[in-house]
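**Q** Input structure: query-v6.txt, which contains compact mmCIF, C-alpha atoms.
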# COMPACT_ATOMS: atom_id res chain seq x y z
CA MET W 26 103.92 86.02 90.97
CA VAL W 27 101.53 88.59 89.60
CA ASP W 28 101.11 88.48 85.84
CA ALA W 29 102.93 91.36 84.11
CA ALA W 30 99.89 91.91 81.87
CA ILE W 31 97.67 92.52 84.90
CA LEU W 32 100.16 95.06 86.28
CA ASN W 33 100.29 96.69 82.89
CA ASP W 34 96.48 96.97 82.71
CA PHE W 35 96.32 98.22 86.29
CA SER W 36 99.01 100.86 85.57
CA GLU W 37 97.07 102.06 82.53
CA TRP W 38 93.81 102.24 84.47
CA LEU W 39 95.56 104.12 87.32
CA ALA W 40 97.21 106.56 84.91
CA ALA W 41 93.76 107.36 83.45
CA THR W 42 92.19 108.35 86.79
CA SER W 43 91.56 112.02 87.46
CA LEU W 44 93.83 111.98 90.53
CA SER W 45 96.68 110.73 88.35
CA HIS W 46 95.95 113.49 85.82
CA THR W 47 96.13 116.12 88.54
CA VAL W 48 99.48 114.79 89.80
CA GLN W 49 100.86 114.59 86.24
CA THR W 50 99.73 118.01 85.01
CA ALA W 51 100.71 120.16 87.99
CA GLY W 52 104.50 119.96 87.60
CA TRP W 53 105.27 120.87 91.21
CA ILE W 54 103.30 118.03 92.83
CA ILE W 55 105.75 115.18 92.13
CA PRO W 56 108.90 116.96 93.39
CA ALA W 57 106.91 118.24 96.40
CA LEU W 58 105.77 114.69 97.26
CA GLN W 59 109.32 113.41 96.75
CA THR W 60 110.67 116.12 99.07
CA ILE W 61 108.24 115.13 101.86
CA HIS W 62 109.10 111.48 101.17
CA ILE W 63 112.86 112.13 101.48
CA LEU W 64 112.43 114.20 104.67
CA CYS W 65 110.51 111.28 106.23
CA VAL W 66 113.21 108.84 105.09
CA ALA W 67 115.76 111.14 106.78
CA VAL W 68 113.88 110.85 110.08
CA LEU W 69 113.50 107.06 109.80
CA PHE W 70 117.04 106.37 108.67
CA SER W 71 118.63 108.60 111.32
CA SER W 72 116.47 107.06 114.07
CA ALA W 73 117.44 103.54 112.98
CA VAL W 74 121.14 104.50 112.73
CA LEU W 75 121.14 106.02 116.24
CA VAL W 76 119.59 102.87 117.77
CA ASP W 77 121.80 100.51 115.73
CA LEU W 78 124.97 102.38 116.68
CA ARG W 79 123.90 102.23 120.34
CA ILE W 80 123.53 98.43 120.04
CA TRP W 81 127.11 98.35 118.69
CA ARG W 82 128.06 100.60 121.67
CA LEU W 83 129.54 103.14 119.26
CA LEU W 84 127.19 105.91 120.38
CA GLN W 85 126.07 106.92 123.88
CA PRO W 86 127.23 103.61 125.44
CA ASP W 87 126.53 105.09 128.89
CA VAL W 88 122.84 105.66 128.11
CA PRO W 89 120.66 102.55 128.57
CA LEU W 90 119.53 101.01 125.27
CA LEU W 91 116.00 101.18 126.66
CA ASP W 92 116.15 105.01 126.75
CA VAL W 93 117.66 105.35 123.27
CA GLY W 94 115.16 102.84 121.86
CA ARG W 95 112.18 104.55 123.52
CA ARG W 96 113.26 107.90 122.13
CA PHE W 97 113.77 106.77 118.51
CA LEU W 98 111.91 103.55 117.69
CA PRO W 99 108.20 104.32 118.32
CA LEU W 100 108.28 107.40 116.04
CA ILE W 101 109.17 105.17 113.08
CA TRP W 102 105.59 103.90 112.69
CA PRO W 103 103.69 107.20 112.15
CA VAL W 104 106.48 108.35 109.80
CA VAL W 105 106.13 105.10 107.81
CA LEU W 106 102.46 105.97 107.40
CA ILE W 107 103.34 109.35 105.80
CA LEU W 108 105.82 107.51 103.56
CA LEU W 109 103.11 105.08 102.44
CA VAL W 110 100.75 107.97 101.61
CA THR W 111 103.33 110.04 99.69
CA GLY W 112 104.71 106.89 98.03
CA SER W 113 101.23 105.78 96.94
CA LEU W 114 100.48 109.22 95.48
CA LEU W 115 103.76 109.08 93.53
CA ILE W 116 102.68 105.70 92.12
CA VAL W 117 99.26 107.12 91.18
CA GLY W 118 101.03 109.94 89.33
CA GLU W 119 103.45 107.65 87.45
CA PRO W 120 102.24 104.03 87.81
CA ARG W 121 104.56 102.43 85.24
CA ARG W 122 107.65 104.02 86.81
CA SER W 123 107.25 101.78 89.89
CA LEU W 124 104.73 99.01 89.25
CA LEU W 125 106.56 97.72 86.18
CA ASN W 126 109.98 98.15 87.81
CA SER W 127 111.73 95.33 89.71
CA THR W 128 113.78 97.90 91.67
CA PHE W 129 110.53 99.07 93.28
CA TYR W 130 109.70 95.52 94.45
CA ALA W 131 113.25 95.11 95.81
CA LYS W 132 112.68 98.33 97.78
CA MET W 133 109.39 97.02 99.21
CA ALA W 134 111.04 93.70 100.21
CA LEU W 135 113.84 95.60 101.99
CA LEU W 136 111.22 97.79 103.69
CA ALA W 137 109.50 94.66 105.02
CA VAL W 138 112.84 93.41 106.41
CA ALA W 139 113.62 96.81 108.00
CA LEU W 140 110.17 97.04 109.61
CA VAL W 141 110.32 93.49 111.00
CA LEU W 142 113.73 94.29 112.53
CA THR W 143 112.37 97.55 113.98
CA GLY W 144 109.44 95.66 115.50
CA LEU W 145 111.82 93.03 116.91
CA LEU W 146 114.09 95.66 118.47
CA GLN W 147 111.10 97.49 119.93
CA TRP W 148 109.70 94.27 121.38
CA SER W 149 113.10 93.38 122.89
CA LEU W 150 113.11 96.68 124.82
CA SER W 151 110.33 95.43 127.08
CA SER W 152 112.87 93.12 128.70
CA PRO W 153 115.86 95.20 129.89
CA GLY W 154 119.27 93.77 129.10
CA PHE W 155 117.76 91.49 126.46
CA TRP W 156 120.77 91.81 124.16
CA ASP W 157 123.36 91.63 126.98
CA ARG W 158 122.50 88.36 128.72
CA ASP W 159 125.18 86.21 127.10
CA MET W 160 127.65 86.14 124.24
CA GLY W 161 125.07 84.72 121.81
CA ARG W 162 122.59 87.52 122.56
CA ARG W 163 125.29 90.16 122.12
CA VAL W 164 126.23 88.76 118.72
CA ALA W 165 122.56 88.39 117.70
CA GLY W 166 121.85 91.99 118.71
CA ARG W 167 124.75 93.29 116.64
CA LEU W 168 123.71 91.16 113.68
CA ALA W 169 120.16 92.52 113.89
CA ALA W 170 121.51 96.09 114.11
CA THR W 171 123.79 95.54 111.10
CA ALA W 172 120.98 93.97 109.07
CA SER W 173 118.73 96.92 109.91
CA LEU W 174 121.41 99.42 108.81
CA LEU W 175 122.03 97.56 105.54
CA ALA W 176 118.30 97.28 104.83
CA TRP W 177 117.77 101.04 105.27
CA CYS W 178 120.82 101.82 103.07
CA GLY W 179 119.41 99.43 100.46
CA ILE W 180 116.01 101.16 100.63
CA ILE W 181 117.61 104.56 99.96
CA PHE W 182 119.69 103.19 97.05
CA ALA W 183 116.71 101.37 95.56
CA GLY W 184 114.57 104.49 95.97
CA ARG W 185 116.99 106.56 93.91
CA PHE W 186 117.55 103.78 91.37
CA ILE W 187 113.80 103.53 90.61
CA ALA W 188 114.34 106.71 88.57
CA TYR W 189 117.09 105.05 86.52
CA THR W 190 115.52 101.63 85.95
CA GLN W 191 111.95 102.63 85.01
CA ALA W 192 110.33 101.06 81.98
CA GLY W 193 110.19 103.36 78.97
CA MET S 212 136.82 135.29 90.24
CA GLN S 213 138.91 134.19 87.24
CA PRO S 214 141.13 131.76 89.24
CA LEU S 215 137.96 130.10 90.61
CA ALA S 216 136.51 129.80 87.11
CA ASP S 217 139.80 128.22 85.98
CA VAL S 218 139.70 125.66 88.80
CA ILE S 219 136.07 124.80 87.98
CA SER S 220 136.76 124.38 84.29
CA TYR S 221 139.87 122.30 85.09
CA LEU S 222 137.76 119.97 87.28
CA GLU S 223 134.96 119.79 84.75
CA ASN S 224 137.44 118.69 82.08
CA SER S 225 139.22 116.18 84.34
CA GLY S 226 139.20 112.44 83.81
CA ILE S 227 137.04 111.87 86.91
CA ALA S 228 134.35 114.27 85.68
CA ASP S 229 134.50 112.60 82.28
CA ASN S 230 133.99 109.17 83.85
CA ILE S 231 130.97 110.34 85.89
CA ARG S 232 129.43 111.82 82.72
CA GLU S 233 130.08 108.78 80.53
CA ASN S 234 129.45 105.87 82.91
CA ASP S 235 125.75 104.93 83.24
CA LEU S 236 126.12 103.59 86.77
CA LEU S 237 128.50 106.07 88.39
CA PHE S 238 126.15 109.07 88.61
CA PRO S 239 123.20 107.19 90.18
CA VAL S 240 125.55 105.52 92.70
CA ILE S 241 127.10 108.86 93.71
CA GLU S 242 123.62 110.40 93.86
CA SER S 243 122.36 107.58 96.13
CA VAL S 244 125.34 108.06 98.47
CA HIS S 245 124.54 111.81 98.49
CA VAL S 246 120.87 111.19 99.39
CA LEU S 247 121.91 108.74 102.12
CA ALA S 248 124.38 111.23 103.62
CA ILE S 249 121.91 114.14 103.42
CA CYS S 250 119.27 112.00 105.15
CA LEU S 251 121.67 111.37 108.02
CA VAL S 252 122.71 115.04 108.24
CA VAL S 253 119.12 116.30 108.26
CA GLY S 254 117.72 113.57 110.51
CA SER S 255 120.48 113.84 113.11
CA ILE S 256 120.47 117.65 113.17
CA LEU S 257 116.70 117.50 113.68
CA VAL S 258 117.32 115.58 116.93
CA VAL S 259 119.51 118.45 118.18
CA ASP S 260 117.09 121.13 116.93
CA LEU S 261 114.08 119.49 118.62
CA ARG S 262 116.09 119.35 121.88
CA LEU S 263 116.88 123.07 121.54
CA LEU S 264 113.18 123.74 120.98
CA GLY S 265 112.36 121.70 124.09
CA LEU S 266 110.13 119.35 122.07
CA ALA S 267 112.07 116.05 122.39
CA SER S 268 114.94 114.33 124.25
CA THR S 269 114.21 116.69 127.15
CA LYS S 270 115.40 114.17 129.75
CA TRP S 271 118.94 114.66 128.41
CA ALA S 272 120.99 117.85 128.86
CA VAL S 273 121.51 119.85 125.64
CA GLY S 274 125.30 119.34 125.78
CA ARG S 275 124.85 115.60 126.09
CA VAL S 276 122.65 115.45 123.02
CA THR S 277 125.02 117.58 120.92
CA ARG S 278 128.09 115.59 122.01
CA ALA S 279 126.38 112.30 121.13
CA ILE S 280 124.83 113.38 117.82
CA LEU S 281 127.01 116.03 116.15
CA PRO S 282 130.02 113.76 115.36
CA LEU S 283 127.61 111.64 113.30
CA THR S 284 126.19 114.77 111.63
CA TRP S 285 129.68 116.02 110.71
CA GLY S 286 130.77 112.64 109.38
CA ALA S 287 127.69 112.46 107.16
CA PHE S 288 128.20 116.10 106.11
CA VAL S 289 131.72 115.33 104.85
CA VAL S 290 130.33 112.44 102.76
CA ALA S 291 127.53 114.69 101.44
CA VAL S 292 130.00 117.42 100.41
CA PHE S 293 132.32 114.92 98.75
CA SER S 294 129.57 113.10 96.81
CA GLY S 295 127.89 116.43 95.98
CA GLY S 296 131.26 117.76 94.77
CA LEU S 297 131.64 114.81 92.40
CA MET S 298 128.18 115.42 90.92
CA PHE S 299 129.00 119.14 90.64
CA ILE S 300 132.24 118.70 88.68
CA SER S 301 130.51 116.31 86.25
CA ASN S 302 128.46 119.26 84.99
CA ALA S 303 129.76 122.37 86.78
CA THR S 304 128.73 125.00 84.21
CA LYS S 305 125.14 123.75 84.17
CA TYR S 306 124.90 123.54 87.96
CA LEU S 307 126.23 127.10 88.31
CA GLY S 308 123.45 128.28 86.01
CA ASN S 309 120.78 126.55 88.10
CA GLY S 310 118.97 128.80 90.59
CA PHE S 311 118.10 125.93 92.95
CA PHE S 312 121.76 124.88 93.11
CA ILE S 313 122.83 128.43 94.00
CA ALA S 314 120.02 128.64 96.58
CA LYS S 315 121.15 125.32 98.11
CA MET S 316 124.74 126.60 98.46
CA VAL S 317 123.51 129.84 100.06
CA LEU S 318 121.32 127.84 102.47
CA ILE S 319 124.32 125.74 103.57
CA GLY S 320 126.16 129.00 104.28
CA VAL S 321 123.26 130.43 106.29
CA ALA S 322 122.81 127.16 108.23
CA GLY S 323 126.54 127.23 109.06
CA LEU S 324 126.30 130.87 110.14
CA ASN S 325 123.29 130.05 112.36
CA MET S 326 125.34 127.29 113.99
CA VAL S 327 128.43 129.48 114.53
CA VAL S 328 126.36 132.33 116.02
CA PHE S 329 124.56 129.92 118.35
CA HIS S 330 127.81 128.22 119.37
CA PHE S 331 129.70 131.43 120.19
CA VAL S 332 126.87 133.72 121.34
CA GLY S 333 123.68 131.80 122.15
CA ALA S 334 125.35 128.86 123.90
CA ARG S 335 128.05 130.80 125.77
CA ASP S 336 126.25 130.19 129.07
CA LEU S 337 125.08 126.68 128.09
CA PRO S 338 125.88 125.02 131.47
CA LYS S 339 123.42 127.45 133.12
CA TRP S 340 120.39 126.23 131.16
CA GLU S 341 121.28 123.01 129.40
CA ASN S 342 119.30 120.91 131.88
CA GLN S 343 116.09 122.91 131.44
CA SER S 344 113.55 121.03 129.37
CA ARG S 345 112.67 124.36 127.68
CA PRO S 346 115.86 126.27 126.73
CA PRO S 347 115.90 130.11 126.47
CA LEU S 348 114.37 131.89 123.47
CA ARG S 349 117.70 132.38 121.64
CA ALA S 350 118.31 128.61 121.71
CA ARG S 351 114.76 127.86 120.54
CA LEU S 352 115.17 130.39 117.72
CA ALA S 353 118.43 128.78 116.58
CA GLY S 354 116.82 125.33 116.64
CA GLY S 355 113.68 126.45 114.76
CA LEU S 356 115.69 128.36 112.17
CA SER S 357 117.93 125.34 111.63
CA ILE S 358 114.92 123.09 110.90
CA LEU S 359 113.53 125.60 108.37
CA LEU S 360 116.91 125.97 106.65
CA TRP S 361 117.52 122.22 106.30
CA VAL S 362 114.00 121.55 105.01
CA ALA S 363 114.48 124.34 102.43
CA LEU S 364 117.83 122.79 101.50
CA VAL S 365 116.22 119.41 100.79
CA VAL S 366 113.52 121.16 98.73
CA CYS S 367 116.22 122.86 96.61
CA GLY S 368 118.12 119.57 96.27
CA ARG S 369 115.10 117.75 94.88
CA TRP S 370 114.27 120.64 92.54
CA ILE S 371 117.84 120.65 91.15
CA GLY S 372 117.13 117.11 89.91
CA PHE S 373 113.95 118.24 88.19
CA THR S 374 115.45 121.28 86.52
CA MET S 375 118.76 119.67 85.48
CA ARG S 376 118.00 116.23 84.14
CA PRO S 377 115.03 113.85 83.79
CA GLY S 378 114.18 111.67 86.81
Kindly transcribe the structure held in the file into structure tokens.
**A**
Amino acid sequence: MVDAAILNDFSEWLAATSLSHTVQTAGWIIPALQTIHILCVAVLFSSAVLVDLRIWRLLQPDVPLLDVGRRFLPLIWPVVLILLVTGSLLIVGEPRRSLLNSTFYAKMALLAVALVLTGLLQWSLSSPGFWDRDMGRRVAGRLAATASLLAWCGIIFAGRFIAYTQAG
Amino acid sequence: MQPLADVISYLENSGIADNIRENDLLFPVIESVHVLAICLVVGSILVVDLRLLGLASTKWAVGRVTRAILPLTWGAFVVAVFSGGLMFISNATKYLGNGFFIAKMVLIGVAGLNMVVFHFVGARDLPKWENQSRPPLRARLAGGLSILLWVALVVCGRWIGFTMRPG
């Protein structure tokens, strides 16, 4: 557990940098970064939903999972990179809002879960029919898909709640 | 417009609107549901638009992509309208005075119009070209315009938050 005092000092140092000043003083930068951030979340979330619904056979059950996965899973990684850049710049602009906020850490934990599940699903695609071999695999696949959906929903909720739980 | 103004003021003074205004948790929860639904609308429509532009999903026919994706888009759109409506009635007068809110409503109208025109005019001979990886110009225009409109809509949505209330 990182000491709260260290995070506090780090936030103060970050807020005093010239990059932070630029982000703070030009009023349009933060909403612009947030807009790019949300558009990227839209791409990620929709991609994950389309793959997860295919695993549940609720969407395009006649298209092989391999094809759906290949179309939507690999793109998640470059988009995550844009999210990390815009997210980091938002933290530089308002360090205390996130770094001293437990909602932010909950969001990062959920992101780790979602990315591990994405990696797992992507890896499973290399062996066709991986989630269809027996009853246990079918259940496991659906559990992974459900966990992925819930993690992404949690990320979006936590993202919005950062604004409402920030330290004063 | 007086009947409309009466309906709006009736909703704004209703018990539900009062609850959303007074309860600390209700507004952020509704707002999160709204963001979630908008993400799904924009992300799923982007899949269709990129297919119309011939930039992705080109191994699938256009009709296949729209049949698979659009039910999801519509479902999410209904949730977005409902959650957005709840936020609207909590502070209707202020939203109506916000330029970004008005712009967002106009953009929804234009995006809908773009879709209707494409459906009834641009896609009338869909079976003839839906297997081409690069659809005709009118389809590419509809897809490109749709992307621009939805991005602009998200921009307006985020700016409503910054011009209406802190956070």
**Q** For segment 234-243 of chain S, list every protein, DNA or RNA residue within 12 Å, evaluated using all atoms listed in the file, and leave out those in the same chain fewer than 2 positions away; present the list as a PyMOL selection string.
**A** (chain W and resi 63+178-190) or (chain S and resi 226-232+245-250+290-302+368-369+372+376+378)
**Q** For the residues in the current selection, export C-alpha atoms as an mmCIF file, in the frame of the given file.
**A**
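File written: selection_35.cif
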data_model
loop_
_atom_site.group_PDB
_atom_site.id
_atom_site.type_symbol
_atom_site.label_atom_id
_atom_site.label_comp_id
_atom_site.auth_asym_id
_atom_site.auth_seq_id
_atom_site.Cartn_x
_atom_site.Cartn_y
_atom_site.Cartn_z
ATOM 1 C CA ILE W 63 112.860 112.130 101.480
ATOM 2 C CA CYS W 178 120.820 101.820 103.070
ATOM 3 C CA GLY W 179 119.410 99.430 100.460
ATOM 4 C CA ILE W 180 116.010 101.160 100.630
ATOM 5 C CA ILE W 181 117.610 104.560 99.960
ATOM 6 C CA PHE W 182 119.690 103.190 97.050
ATOM 7 C CA ALA W 183 116.710 101.370 95.560
ATOM 8 C CA GLY W 184 114.570 104.490 95.970
ATOM 9 C CA ARG W 185 116.990 106.560 93.910
ATOM 10 C CA PHE W 186 117.550 103.780 91.370
ATOM 11 C CA ILE W 187 113.800 103.530 90.610
ATOM 12 C CA ALA W 188 114.340 106.710 88.570
ATOM 13 C CA TYR W 189 117.090 105.050 86.520
ATOM 14 C CA THR W 190 115.520 101.630 85.950
ATOM 15 C CA GLY S 226 139.200 112.440 83.810
ATOM 16 C CA ILE S 227 137.040 111.870 86.910
ATOM 17 C CA ALA S 228 134.350 114.270 85.680
ATOM 18 C CA ASP S 229 134.500 112.600 82.280
ATOM 19 C CA ASN S 230 133.990 109.170 83.850
ATOM 20 C CA ILE S 231 130.970 110.340 85.890
ATOM 21 C CA ARG S 232 129.430 111.820 82.720
ATOM 22 C CA HIS S 245 124.540 111.810 98.490
ATOM 23 C CA VAL S 246 120.870 111.190 99.390
ATOM 24 C CA LEU S 247 121.910 108.740 102.120
ATOM 25 C CA ALA S 248 124.380 111.230 103.620
ATOM 26 C CA ILE S 249 121.910 114.140 103.420
ATOM 27 C CA CYS S 250 119.270 112.000 105.150
ATOM 28 C CA VAL S 290 130.330 112.440 102.760
ATOM 29 C CA ALA S 291 127.530 114.690 101.440
ATOM 30 C CA VAL S 292 130.000 117.420 100.410
ATOM 31 C CA PHE S 293 132.320 114.920 98.750
ATOM 32 C CA SER S 294 129.570 113.100 96.810
ATOM 33 C CA GLY S 295 127.890 116.430 95.980
ATOM 34 C CA GLY S 296 131.260 117.760 94.770
ATOM 35 C CA LEU S 297 131.640 114.810 92.400
ATOM 36 C CA MET S 298 128.180 115.420 90.920
ATOM 37 C CA PHE S 299 129.000 119.140 90.640
ATOM 38 C CA ILE S 300 132.240 118.700 88.680
ATOM 39 C CA SER S 301 130.510 116.310 86.250
ATOM 40 C CA ASN S 302 128.460 119.260 84.990
ATOM 41 C CA GLY S 368 118.120 119.570 96.270
ATOM 42 C CA ARG S 369 115.100 117.750 94.880
ATOM 43 C CA GLY S 372 117.130 117.110 89.910
ATOM 44 C CA ARG S 376 118.000 116.230 84.140
ATOM 45 C CA GLY S 378 114.180 111.670 86.810
#
**Q** Restricting the calculation to only C-alpha atoms, which member of W:Gly118, W:Gly144, W:Pro86, W:Pro103 is positioned closest to Ala41 of chain W?
**A**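 Looking at the shortest contact to Ala41 of chain W, the residue is W:Gly118.
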**Q** Do you have the atom CA of Gly310 of chain S-atom CA of Gly323 of chain S distance handy?
**A**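 These two atoms are separated by 20.0 Å.
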**Q** Mind checking which residues fall within 8 Å of Ile256 of chain S, counting all atoms listed in the file, ignoring those fewer than 6 positions away in the same chain, and posting them as a count of residues only?
**A** 3
**Q** Mind checking which residues fall within 12 Å of Leu90 of chain W, counting only C-alpha atoms, ignoring those fewer than 3 positions away in the same chain, and posting them as a PDB file with C-alpha atoms, in the coordinates of the input?
**A**
ATOM      1  CA  LEU W  75     121.140 106.020 116.240  1.00  0.00           C
ATOM      2  CA  VAL W  76     119.590 102.870 117.770  1.00  0.00           C
ATOM      3  CA  ASP W  77     121.800 100.510 115.730  1.00  0.00           C
ATOM      4  CA  LEU W  78     124.970 102.380 116.680  1.00  0.00           C
ATOM      5  CA  ARG W  79     123.900 102.230 120.340  1.00  0.00           C
ATOM      6  CA  ILE W  80     123.530  98.430 120.040  1.00  0.00           C
ATOM      7  CA  TRP W  81     127.110  98.350 118.690  1.00  0.00           C
ATOM      8  CA  ARG W  82     128.060 100.600 121.670  1.00  0.00           C
ATOM      9  CA  LEU W  83     129.540 103.140 119.260  1.00  0.00           C
ATOM     10  CA  LEU W  84     127.190 105.910 120.380  1.00  0.00           C
ATOM     11  CA  GLN W  85     126.070 106.920 123.880  1.00  0.00           C
ATOM     12  CA  PRO W  86     127.230 103.610 125.440  1.00  0.00           C
ATOM     13  CA  ASP W  87     126.530 105.090 128.890  1.00  0.00           C
ATOM     14  CA  VAL W  93     117.660 105.350 123.270  1.00  0.00           C
ATOM     15  CA  GLY W  94     115.160 102.840 121.860  1.00  0.00           C
ATOM     16  CA  ARG W  95     112.180 104.550 123.520  1.00  0.00           C
ATOM     17  CA  ARG W  96     113.260 107.900 122.130  1.00  0.00           C
ATOM     18  CA  PHE W  97     113.770 106.770 118.510  1.00  0.00           C
ATOM     19  CA  LEU W  98     111.910 103.550 117.690  1.00  0.00           C
ATOM     20  CA  LEU W 146     114.090  95.660 118.470  1.00  0.00           C
ATOM     21  CA  GLN W 147     111.100  97.490 119.930  1.00  0.00           C
ATOM     22  CA  SER W 149     113.100  93.380 122.890  1.00  0.00           C
ATOM     23  CA  LEU W 150     113.110  96.680 124.820  1.00  0.00           C
ATOM     24  CA  SER W 151     110.330  95.430 127.080  1.00  0.00           C
ATOM     25  CA  SER W 152     112.870  93.120 128.700  1.00  0.00           C
ATOM     26  CA  PRO W 153     115.860  95.200 129.890  1.00  0.00           C
ATOM     27  CA  GLY W 154     119.270  93.770 129.100  1.00  0.00           C
ATOM     28  CA  PHE W 155     117.760  91.490 126.460  1.00  0.00           C
ATOM     29  CA  TRP W 156     120.770  91.810 124.160  1.00  0.00           C
ATOM     30  CA  ASP W 157     123.360  91.630 126.980  1.00  0.00           C
ATOM     31  CA  GLY W 166     121.850  91.990 118.710  1.00  0.00           C
TER      32      GLY W 166
END
**Q** Could you pull the residues within 6 Å of segment 133-137 of chain W, counting all atoms listed in the file, minus those fewer than 3 positions along the same chain, as a ChimeraX atom specification?
**A** /W:130,140,176
**Q** Atom CA of Ser45 of chain W and atom CA of Glu119 of chain W are how many Å apart?
**A**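 Distance between the two atoms: 7.5 Å.
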**Q** Work out how far atom CA of Thr143 of chain W is from atom CA of Arg163 of chain W, in Å to one decimal.
**A**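 Atom-to-atom, atom CA of Arg163 of chain W and atom CA of Thr143 of chain W are spaced 17.0 Å apart.
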**Q** Considering only C-alpha atoms, can you say which of S:Leu266, S:Ala322, S:Met212, S:Val273 comes closest to Asn342 of chain S?
**A**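 Between S:Leu266, S:Ala322, S:Met212, S:Val273, the residue approaching Asn342 of chain S most closely is S:Val273.
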**Q** Identify the residues around (117.1, 122.2, 87.2) within a radius of 12 Å, measuring from all atoms listed in the file in the coordinates stated by the file, and give them as a ChimeraX atom specification.
**A** /W:56 /S:302,305-314,367-378
**Q** Ranking S:Ile358, S:Ile219, S:Val289, S:Ala267 by minimum distance to Met326 of chain S and counting all atoms listed in the file, which one comes first?
**A**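 Answer, going by the shortest atom-to-atom distance: S:Ile358.
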**Q** Give the answer as one residue: which of W:Val138, W:Leu32, W:Ile61, W:Leu145 has the shortest atom-to-atom distance to chain S, using all atoms listed in the file?
**A** W:Ile61
**Q** For Val66 of chain W, which of W:Ala29, W:Ile101, W:Ala40, W:Val110 is the closest residue, counting only C-alpha atoms?
**A**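 Counting only C-alpha atoms, the residue closest to Val66 of chain W is W:Ile101.
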**Q** Take the point (108.7, 100.9, 85.1) in the file's coordinates, draw a sphere of radius 8 Å around it, and report as a VMD selection string every protein, DNA or RNA residue with an atom inside or on it, counting only C-alpha atoms.
**A** chain W and resid 120 to 127 187 190 to 193
**Q** Find the spatial neighbours of Val253 of chain S, counting all atoms listed in the file, within a cut-off of 9 Å - ignore same-chain residues fewer than 5 positions away - and output them as a compact mmCIF listing (two decimals) with C-alpha atoms, keeping the file's coordinate frame.
**A**
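So the final result, stored in result_22.txt, reads:
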# COMPACT_ATOMS: atom_id res chain seq x y z
CA LEU W 64 112.43 114.20 104.67
CA ALA W 67 115.76 111.14 106.78
CA VAL W 68 113.88 110.85 110.08
CA SER W 71 118.63 108.60 111.32
CA ALA S 248 124.38 111.23 103.62
CA VAL S 258 117.32 115.58 116.93
CA THR S 284 126.19 114.77 111.63
CA ILE S 358 114.92 123.09 110.90
CA TRP S 361 117.52 122.22 106.30
CA VAL S 362 114.00 121.55 105.01
CA VAL S 365 116.22 119.41 100.79
**Q** From the set W:Leu175, W:Ala131, W:Ile107, W:Leu114, which residue has the shortest atom-to-atom contact distance to chain S, counting all atoms listed in the file?
**A** W:Leu175
**Q** For segment 307-319 of chain S of the block above, can you save N, CA and C atoms as a short mmCIF file (atom, residue, chain, number, x, y, z; two decimals), in the first residue's frame?
**A**
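What follows is the written file decode-v5.cif:
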data_model
loop_
_atom_site.label_atom_id
_atom_site.label_comp_id
_atom_site.auth_asym_id
_atom_site.auth_seq_id
_atom_site.Cartn_x
_atom_site.Cartn_y
_atom_site.Cartn_z
N LEU S 307 -32.57 23.39 -21.58
CA LEU S 307 -33.10 24.04 -22.79
C LEU S 307 -32.36 25.34 -23.08
N GLY S 308 -31.73 25.92 -22.05
CA GLY S 308 -30.97 27.15 -22.27
C GLY S 308 -29.50 26.88 -22.60
N ASN S 309 -29.15 25.60 -22.73
CA ASN S 309 -27.76 25.24 -22.98
C ASN S 309 -27.55 24.95 -24.47
N GLY S 310 -26.66 25.70 -25.11
CA GLY S 310 -26.44 25.55 -26.55
C GLY S 310 -25.96 24.16 -26.94
N PHE S 311 -25.12 23.55 -26.11
CA PHE S 311 -24.60 22.22 -26.45
C PHE S 311 -25.70 21.17 -26.39
N PHE S 312 -26.66 21.36 -25.45
CA PHE S 312 -27.79 20.43 -25.37
C PHE S 312 -28.63 20.53 -26.64
N ILE S 313 -28.95 21.77 -27.05
CA ILE S 313 -29.74 21.97 -28.27
C ILE S 313 -29.00 21.36 -29.47
N ALA S 314 -27.68 21.62 -29.54
CA ALA S 314 -26.88 21.09 -30.66
C ALA S 314 -26.93 19.56 -30.66
N LYS S 315 -26.87 18.95 -29.47
CA LYS S 315 -26.90 17.49 -29.38
C LYS S 315 -28.23 16.95 -29.91
N MET S 316 -29.34 17.62 -29.55
CA MET S 316 -30.66 17.18 -30.03
C MET S 316 -30.76 17.31 -31.55
N VAL S 317 -30.23 18.43 -32.08
CA VAL S 317 -30.26 18.63 -33.54
C VAL S 317 -29.43 17.53 -34.22
N LEU S 318 -28.26 17.21 -33.64
CA LEU S 318 -27.39 16.19 -34.23
C LEU S 318 -28.06 14.82 -34.26
N ILE S 319 -28.85 14.50 -33.21
CA ILE S 319 -29.57 13.22 -33.22
C ILE S 319 -30.55 13.21 -34.40
#
